[in-house]
Structures are given as structure tokens and as C-alpha cells.
There are 2 protein chains.
Amino acid sequence: MTTFAEESWGKRPDFIVHNPMPYNAEPPASVLASGEITAVDAFYSRNHGAFPDIAPAEWQLTVDGMVDQPLTLTYDRLTTDFTAHSVVATLACAGNRRAELLKVRPIPGKEPWAKGAISTAEWRGARLADVLDAAGVHHHDGLHVAFSAPDVAPESRPVQSYGSSIPLSKAMSEEVLLAWEMNGQPLPRAHGGPVRVVAPGYVGARSVKWITGIVVQEIPSQNYFQALDYRILPAEADPDTVAPGEGIALSSLPLNCDILVPDDGAEVPAGPLTIQGWAMAGDGHGVCRVDVSLDDGRTWRQADLHPAANRWTWRRWSLTVDAQPGPLSLTARAWDDTGVTHPESPASLWNPRGYGNNAWAHITASAT
Amino acid sequence: MTTFAEESWGKRPDFIVHNPMPYNAEPPASVLASGEITAVDAFYSRNHGAFPDIAPAEWQLTVDGMVDQPLTLTYDRLTTDFTAHSVVATLACAGNRRAELLKVRPIPGKEPWAKGAISTAEWRGARLADVLDAAGVHHHDGLHVAFSAPDVAPESRPVQSYGSSIPLSKAMSEEVLLAWEMNGQPLPRAHGGPVRVVAPGYVGARSVKWITGIVVQEIPSQNYFQALDYRILPAEADPDTVAPGEGIALSSLPLNCDILVPDDGAEVPAGPLTIQGWAMAGDGHGVCRVDVSLDDGRTWRQADLHPAANRWTWRRWSLTVDAQPGPLSLTARAWDDTGVTHPESPASLWNPRGYGNNAWAHITASAT
């Protein structure tokens with residue numbers, strides 16, 4: 001265990017390590033504000049077990065279930081037989097912004113992710129649709145594509161390796177990849193190398209790392225993490241006694257936004273202050289407007305929206321305000337291209353496992 | 001005008017008429033609670049001009065623009081050459097629940113719709129996709145299908161007849177109809193007869209009544225109502241001076257819910273009280289949970305969800321509580337199948353034209 005505890009997996013020295021093993025760590029919020037693409041050494045890392053160590057030459061992927069020709073693919077075949085596509089996509093942990101929920105009520109046994117369990121990379125790999133088509137996938141409505149991987153998760157009951165699924169309709173979408181590159185480098189082991197799923201627009205839990213098995217099936221994955229863990233339970237539920245399938249499975253990401261700069265609690269110089277953050281719409285929708293309030297929502301100003309590579313990435317925004325000396329209360333909210341905004345308060349979103357916090361973003365600071 | 005002012009268009013005597021001409025009227029909330037399907041005499045009626053009076057034998061529909069074979073269809077050809085399909089679908093005016101926004105700040109010149117600008121019917125007609133295919137529609141990404149009709153809208157600038165559009169991708173979806181029947185009857189004139197568009201999941205404004213023209217084009221409809229009126233403007237915008245295209249065009253309906261029984265302000269007997277309402281998710285998603293609070297959101301109970309015909313209809317819900325003598329404050333909120341809920345307060349959703357109120361539902365009552 002010592003080697004794991006001391007291992008930083010190539011991450012920046014300022015990484016916030018919630019757990020050395022399984023390795024769970026996030027960058028400071030301000031680091032994420034530096035650009036649309038997050039550097040590999042700044043990309044958050046959320047894991048449920050020790051990292052498998054699979055050389056590309058040893059890696060194999062089986063594809064079976066409701067397909068006409070089950071396949072076994074080597075790394076060589078995947079990377080040479082299939083056309084490579086690049087997609088810039090934001091991945092976000094369903095537990096991002098849990099720290100705000102923890103201020104409402106405790107959430108035992110879960111990492112206190114702050115603002116950094118979200119990052120963006122350029123992924124490159126084969127389209128999952130092309131691989132499924134090569135296997136002669138059955139095109140029935142309502143099928144699911146389940147992913148399995150060899151990383152064993154000690155927290156699961158019974159103990160099992162990690163897995164999840166996405167609907168076949170999503171799996172056949174052009175943005176979903178079996179990726180072997182991240183920001184132009186071979187996919188690092190700490191991010192699922194040699195090959196991982198990238199399912200843009202879905203919670204990170206569906207982008208299974210170190211993937212070795214794909215099964216097309218009639219039901220969603222029955223893996224512990226999908227059937228039991230990554231679910232929105234009613235506030236009054238007891239997470240230790242709920243049955244598999246209770247609650248609402250987290251799938252596509254909700255409309256959400258956050259403030260990355262300044263830091264929560266920061267002291268900033270009075271005068272011009274540039275507030276920076278991100279916003280992202282659900283289900284492949286676009287972000288049309290981000291509002292910022294300095295008076296707790298009584299009045300709002302519209303932030304400048306930066307260009308986004310596509311609808312699968314966060315949309316960065318900024319707004320320069322005149323910070324008067326004294327306490328600052330900053331709130332941000334986003335509106336999608338259907339004219340919808342998200343809930344105001346983390347208090348109304350608290351749930352026993354602390355997932356899906358998409359309340360308006362709020363920080364305090366002081367100007368001197 | 002007198003005939004119009006005195007015309008009730010076959011609606012129930014208890015209809016709440018906001019304007020006799022153009023005829024805009026809604027049923028009392030409790031009437032909507034009586035079943036999944038709303039009777040024709042209880043279905044809300046939202047209009048921008050006098051009703052065209054077109055006999056089926058005189059009706060014609062032209063289909064042109066980006067199609068290979070422009071078409072002109074008679075009522076006979078539409079109803080005999082194309083397979084008829086039935087879809088149960090809820091239509092909702094983008095201004096439904098505006099009355100709650102009016103309590104926040106005035107909204108001059110707009111009807112004060114309460115809870116009744118939403119209703120559900122079984123529609124029957126040809127799939128719009130089949131008609132577009134018969135015209136050899138061009139299948140390019142990003143095209144739009146624009147609808148025109150002969151009802152002239154005096155409020156428009158310049159004065160023009162009503163029109164709107166939907167994306168081609170939506171137009172080709174199986175749920176979108178050119179409907180000539182409503183609840184098993186020939187489509188009444190007051191609901192767009194002889195033929196109207198029914199675009200389930202979108203704001204009612206896109207389900208154009210008395211349709212006579214379809215154009216497949218590269219841009220959304222430039223009609224006054226789509227380019228200027230049916231838009232979410234920032235709270236600080238002046239609706240009289242905004243340019244066409246400003247704000248966010250209303251398209252798919254947001255996640256929303258409402259309480260239909262008891263009436264807001266009702267006196268009810270103390271003891272068992274059955275609260276009834278509806279919930280609907282955006283974009284064809286499902287409603288997974290409805291919570292009801294009797295203590296302004298501090299604690300919640302889950303309502304019973306009634307079956308829904310499909311994902312294009314409201315999902316009715318009910319919950320029987322023990323009403324203690326004294327004032328009652330009832331709040332309801334819905335969660336969709338991605339684990340998302342909607343904003344808490346109409347105050348944060350106020351916008352200059354009063355559209356898109358999808359705040360948590362709230363009423364007060366008293367038990368004696």
C-alpha cells in the first residue's frame with residue numbers, strides 16, 4: 001500500500017488528494033480556469049480500485065451478447081482496423097461539488113469533492129459504434145451496452161470489478177469512443193490506459209477505464225456501481241439498506257455551472273475583478289447565457305461566454321466587475337438553449353450519497 | 001366582434017376567459033385533475049387571432065422549400081394517402097403558470113394564465129415525417145420545418161399571420177403529427193381544424209393550428225412569434241426594444257409540475273386530503289419521482305405516480321395526507337429520469353414576457 005500512498009501518478013504537486021488508494025484527487029479550481037483543455041497532469045482522477053497494469057500488447061477486448069459475430073480485439077487491431085476520431089469532451093464525476101452538499105448534512109464514506117472533479121481533454125480512438133457494427137450488433141430499441149474492466153473495487157458489495165452501461169442509442173452516437181489517446185499522448189494508465197470508454201455528456205462513471213469487456217444486453221448493467229451506488233436517493237432513504245435499482249440512476253449530466261476564480265474564501269484586491277467559471281448543458285444541449293450576481297440573486301449581469309469546441313465540452317465564461325472593498329458574495333447560474341435554468345440551492349438537492357449537485361454556484365470572498 | 005365575444009366555442013361554462021377575441025381561455029385547475037385525457041370542452045384554448053373557418057373540402061396544404069417534389073395536399077389526400085397514427089400528447093402554453101410570475105413583477109400585455117394552459121388529448125393524423133418524405137425532403141443536419149397558417153395576429157409587428165418552426169430532426173420523429181382528429185372527433189375549429197400540427201414535447205406555440213403551408217428551410221421561422229415573442233429574455237431587458245433573435249427561443253418543454261387539487265386558497269375539511277397534480281419531464285424524458293412538502297420544503301413525501309400513456313404526456317400524481325386544522329402550505333417538485341429537479345422559486349424565473357415558469361409548485365389552503 002505504501003507505494004500507492006506515495007504515488008502521485010504524474011499529477012501536479014498542488015493536487016488535492018482525497019484518498020491515495022484508491023487514488024482520488026482533484027486539481028485546485030483555479031487550475032481548471034487556465035484553458036478549455038485540461039492538461040493531463042491537472043485532470044481529475046476518480047477511481048474505485050488499484051490501477052490495472054496492462055501493456056498494450058497484452059490488452060484484449062471482447063465484444064459479445066446481442067451481436068451476430070462476437071469479437072476479440074487486440075490493441076493492434078483496434079488501433080489499425082478502425083478509423084480514429086478525435087472528440088474534445090468534458091468528463092465530470094457525479095460527486096463533483098459534493099463539498100457544498102456536505103455543508104447541508106454529513107455524507108459518510110464519500111470523498112468531499114470540491115470544484116475539481118471535472119476536466120476536459122481531447123480524446124482519440126475508435127467510435128464505439130464502429131466496433132459494435134463490426135460485431136454485428138442487434139439494433140433493437142431499448143438495448144444496453146455494458147462495459148467491464150479488471151479494476152477490483154473493495155467498497156462494492158459483493159466485492160467486484162468496476163462496470164457500468166450506456167443505452168445502445170447513446171453507444172451508437174458518433175461522440176462515444178474507445179479511446180487510446182488523451183491530449184495527443186498514449187492514454188496514461190492513471191486515466192484508463194491502454195483503452196477506456198469516453199461517453200461525452202454522461203456522468204464520468206459511465207466512461208469505464210481499462211475496458212476489457214463489452215456485452216450488448218437487454219437490461220442496464222447490474223454492476224454494484226450502476227445498480228446501487230451512482231443513484232439519486234430521496235433525502236430520507238438509508239443508503240445502507242436500499243435495494244438495487246432504488247433511486248434514479250445517474251446518466252446524462254445535468255445543466256450546471258461553477259465559479260473557478262476567485263477561490264472560495266479568497267482575499268482579492270479591490271477594483272477590477274475577473275470572475276471565471278464554466279457552464280455545461282445537459283443531453284448535448286448548448287449553454288445560451290450565464291448570469292452573475294453580486295447581491296445574492298437580486299440583480300444579475302450576463303457573463304461573456306467563451307467559444308466551446310462542441311456541445312460535449314464545458315463552456316467557459318468570465319465577467320469583470322468592480323469589486324468594492326468588503327465582503328463579496330458571488331453567485332452564478334446558467335441557462336440552456338431551451339430557456340431552462342437549474343435549482344438555486346444545494347440544500348434542496350442534498351441526497352444520501354451526495355451526487356448530482358447542480359445548484360447555482362456560490363462563493364464568498366473579500367476585497368481589500 | 002360581438003359574436004366572438006359571446007362565443008364560448010363549446011367550452012364548459014366554468015371556463016376562465018382571459019380574452020374573448022382572440023379567444024384565450026383555460027379550465028379551472030381541478031377540471032384537469034379528472035383524468036389523463038382532457039375532454040375537448042375542457043381543453044385550454046390559446047390563440048393569436050380570429051379562428052379561420054375552413055371547410056375540409058376547401059383546405060389545402062403546400063409543402064415546399066428544400067424538397068425534391070413540392071406537394072399540394074387536399075384533406076382527402078392527406079387523410080387517405082397517408083397512414084393514420086394516434087398519439088396521446090400533452091400540449092402546454094409557454095405562458096402557463098404566468099400568474100405566479102405576475103406576483104413577482106407586472107408583465108404588461110400578457111394573459112395571466114393560471115394553472116390551466118395545459119391539457120392532454122389523443123391526436124390522430126398523418127406523421128409529418130411521412131408527408132415530408134412524400135415531398136422528398138432533403139435530409140441535411142440543421143434544417144428547419146416552418147409552418148404557416150391563415151390566422152392573422154393583430155398583436156404582431158408588422159401584423160402577420162401566425163407561424164413557427166421545429167428542427168427537421170424533431171419533424172422527422174414519429175410523434176409529430178398533422179392531426180385531423182382530437183379525442184376521436186374531427187379536429188374542432190377552435191383547436192385548429194381541419195388540420196393542425198401536434199409537436200409533442202415542445203411548447204404549444206410550435207403546434208401550429210389551421211396549418212396551410214410547410215417550408216423546409218435553412219433557418220428557424222422568422223415569424224414574429226418565434227423570432228421575437230416566444231423567448232426567454234433576461235429580466236433587465238425591455239421587451240419593447242429587443243431585436244429579433246434576442247433571448248432564448250422556447251422549444252422543448254422544461255421539467256415541470258403543478259398542483260391541481262386542492263385549489264390555491266381553498267378551504268378543505270381537516271382530515272384525509274388527497275393532493276393531485278401533474279408532472280412532465282423535458283425532451284421526452286420520464287418523470288421518476290414527485291415530492292410533496294407540507295412544511296415549505298423542509299421535509300418531503302413521495303407522491304404516487306399514475307401510469308402515463310407514453311413519454312409525451314403529463315404524469316399524474318396524488319398523495320393523501322392528514323390535513324391538520326389551520327393553514328396549509330403545499331409544495332411539489334418533480335425529478336426526471338436523469339436525477340434532475342427544477343428551480344425552487346418563480347422569483348428567480350421572472351422574465352419580461354412571463355414565459356417558461358417551471359418553479360416548484362406551491363399553493364396555500366386552510367383546513368377546518
# chains A, B, ... in the order shown; residues from 1 in each chain; ligands from 1
>>> interface_residues(of="chain B", to="chain A", cutoff="10 Å", atoms="only C-alpha atoms", output="PyMOL selection string")
chain B and resi 202+231-236+247-255+282-283+288-289+291+297-302+335-345+347-349+355-360
>>> residues_around(residues="A:Thr79", least_positions_apart="6", cutoff="10 Å", atoms="only C-alpha atoms", output="list in words")
Leu73, Gly125, Ala126, Leu178, Ala179 and Trp180 of chain A
>>> atom_distance(atom1="atom CA of B:Val287", atom2="atom CA of B:Ile37")
17.8 Å
>>> atom_distance(atom1="atom CA of B:Ala365", atom2="atom CA of B:Tyr44")
24.8 Å
>>> select_by_dssp(residues="stretch 219-300 of chain A", states="strand (DSSP E)", output="ChimeraX atom specification")
/A:231-232,248-249,256-261,267-268,271-280,287-293
>>> write_last_selection(atoms="N, CA, C and O atoms", output="short mmCIF file (atom, residue, chain, number, x, y, z; two decimals), in the first residue's frame")
data_model
loop_
_atom_site.label_atom_id
_atom_site.label_comp_id
_atom_site.auth_asym_id
_atom_site.auth_seq_id
_atom_site.Cartn_x
_atom_site.Cartn_y
_atom_site.Cartn_z
N ARG A 231 -26.66 6.65 -7.76
CA ARG A 231 -28.09 6.90 -7.84
C ARG A 231 -28.47 8.06 -6.92
O ARG A 231 -27.91 8.23 -5.85
N ILE A 232 -29.47 8.81 -7.38
CA ILE A 232 -30.05 9.85 -6.54
C ILE A 232 -31.14 9.20 -5.69
O ILE A 232 -32.17 8.76 -6.21
N ILE A 248 -32.76 7.00 -8.58
CA ILE A 248 -32.67 7.33 -10.01
C ILE A 248 -31.22 7.21 -10.44
O ILE A 248 -30.34 7.86 -9.90
N ALA A 249 -30.96 6.33 -11.42
CA ALA A 249 -29.60 6.13 -11.91
C ALA A 249 -29.09 7.40 -12.58
O ALA A 249 -29.79 7.99 -13.40
N ASN A 256 -25.47 22.71 -15.46
CA ASN A 256 -24.69 23.01 -14.27
C ASN A 256 -23.71 24.13 -14.58
O ASN A 256 -23.46 24.44 -15.76
N CYS A 257 -23.15 24.74 -13.55
CA CYS A 257 -22.08 25.72 -13.74
C CYS A 257 -21.30 25.84 -12.45
O CYS A 257 -21.72 25.33 -11.41
N ASP A 258 -20.13 26.46 -12.52
CA ASP A 258 -19.36 26.70 -11.31
C ASP A 258 -18.49 27.93 -11.50
O ASP A 258 -18.23 28.36 -12.63
N ILE A 259 -18.07 28.49 -10.36
CA ILE A 259 -17.12 29.60 -10.33
C ILE A 259 -15.76 29.01 -9.98
O ILE A 259 -15.62 28.33 -8.96
N LEU A 260 -14.77 29.24 -10.83
CA LEU A 260 -13.42 28.69 -10.61
C LEU A 260 -12.46 29.74 -10.05
O LEU A 260 -11.52 29.42 -9.33
N VAL A 261 -12.67 31.01 -10.43
CA VAL A 261 -11.83 32.11 -9.99
C VAL A 261 -12.73 33.27 -9.63
O VAL A 261 -13.61 33.60 -10.44
N GLU A 267 -9.03 36.36 -0.58
CA GLU A 267 -8.91 37.81 -0.43
C GLU A 267 -8.40 38.35 -1.76
O GLU A 267 -7.40 37.87 -2.28
N VAL A 268 -9.08 39.30 -2.31
CA VAL A 268 -8.71 39.84 -3.63
C VAL A 268 -8.54 41.35 -3.50
O VAL A 268 -9.12 41.97 -2.60
N GLY A 271 -11.20 46.68 -6.71
CA GLY A 271 -11.03 47.18 -8.08
C GLY A 271 -11.49 46.13 -9.08
O GLY A 271 -12.31 45.28 -8.75
N PRO A 272 -10.96 46.19 -10.32
CA PRO A 272 -11.44 45.24 -11.34
C PRO A 272 -11.14 43.80 -10.93
O PRO A 272 -10.00 43.47 -10.59
N LEU A 273 -12.16 42.98 -10.97
CA LEU A 273 -12.02 41.56 -10.60
C LEU A 273 -12.63 40.73 -11.72
O LEU A 273 -13.82 40.91 -12.05
N THR A 274 -11.84 39.85 -12.31
CA THR A 274 -12.38 38.99 -13.35
C THR A 274 -12.78 37.65 -12.74
O THR A 274 -11.95 36.92 -12.21
N ILE A 275 -14.09 37.41 -12.80
CA ILE A 275 -14.65 36.16 -12.30
C ILE A 275 -14.65 35.18 -13.47
O ILE A 275 -15.03 35.54 -14.59
N GLN A 276 -14.21 33.94 -13.23
CA GLN A 276 -14.15 32.94 -14.30
C GLN A 276 -14.82 31.65 -13.85
O GLN A 276 -14.77 31.30 -12.67
N GLY A 277 -15.39 30.95 -14.81
CA GLY A 277 -16.02 29.68 -14.48
C GLY A 277 -16.37 28.89 -15.72
O GLY A 277 -15.93 29.20 -16.83
N TRP A 278 -17.16 27.85 -15.50
CA TRP A 278 -17.63 27.01 -16.60
C TRP A 278 -19.13 26.81 -16.46
O TRP A 278 -19.70 26.97 -15.38
N ALA A 279 -19.76 26.46 -17.57
CA ALA A 279 -21.17 26.06 -17.58
C ALA A 279 -21.30 24.94 -18.60
O ALA A 279 -20.54 24.86 -19.56
N MET A 280 -22.24 24.06 -18.36
CA MET A 280 -22.46 22.96 -19.30
C MET A 280 -23.93 22.59 -19.26
O MET A 280 -24.55 22.59 -18.20
N VAL A 287 -25.18 25.91 -23.89
CA VAL A 287 -25.36 26.96 -22.89
C VAL A 287 -25.58 28.27 -23.63
O VAL A 287 -24.79 28.65 -24.49
N CYS A 288 -26.68 28.97 -23.32
CA CYS A 288 -27.01 30.21 -24.02
C CYS A 288 -26.70 31.45 -23.20
O CYS A 288 -26.58 32.54 -23.76
N ARG A 289 -26.65 31.32 -21.89
CA ARG A 289 -26.49 32.51 -21.06
C ARG A 289 -25.97 32.09 -19.71
O ARG A 289 -26.36 31.04 -19.19
N VAL A 290 -25.05 32.88 -19.17
CA VAL A 290 -24.61 32.70 -17.78
C VAL A 290 -24.80 34.05 -17.09
O VAL A 290 -24.35 35.08 -17.60
N ASP A 291 -25.48 34.04 -15.96
CA ASP A 291 -25.71 35.25 -15.17
C ASP A 291 -24.84 35.22 -13.93
O ASP A 291 -24.67 34.16 -13.31
N VAL A 292 -24.35 36.38 -13.55
CA VAL A 292 -23.56 36.50 -12.32
C VAL A 292 -24.22 37.56 -11.44
O VAL A 292 -24.62 38.62 -11.93
N SER A 293 -24.35 37.26 -10.17
CA SER A 293 -24.95 38.21 -9.23
C SER A 293 -23.96 38.52 -8.12
O SER A 293 -23.27 37.63 -7.62
#
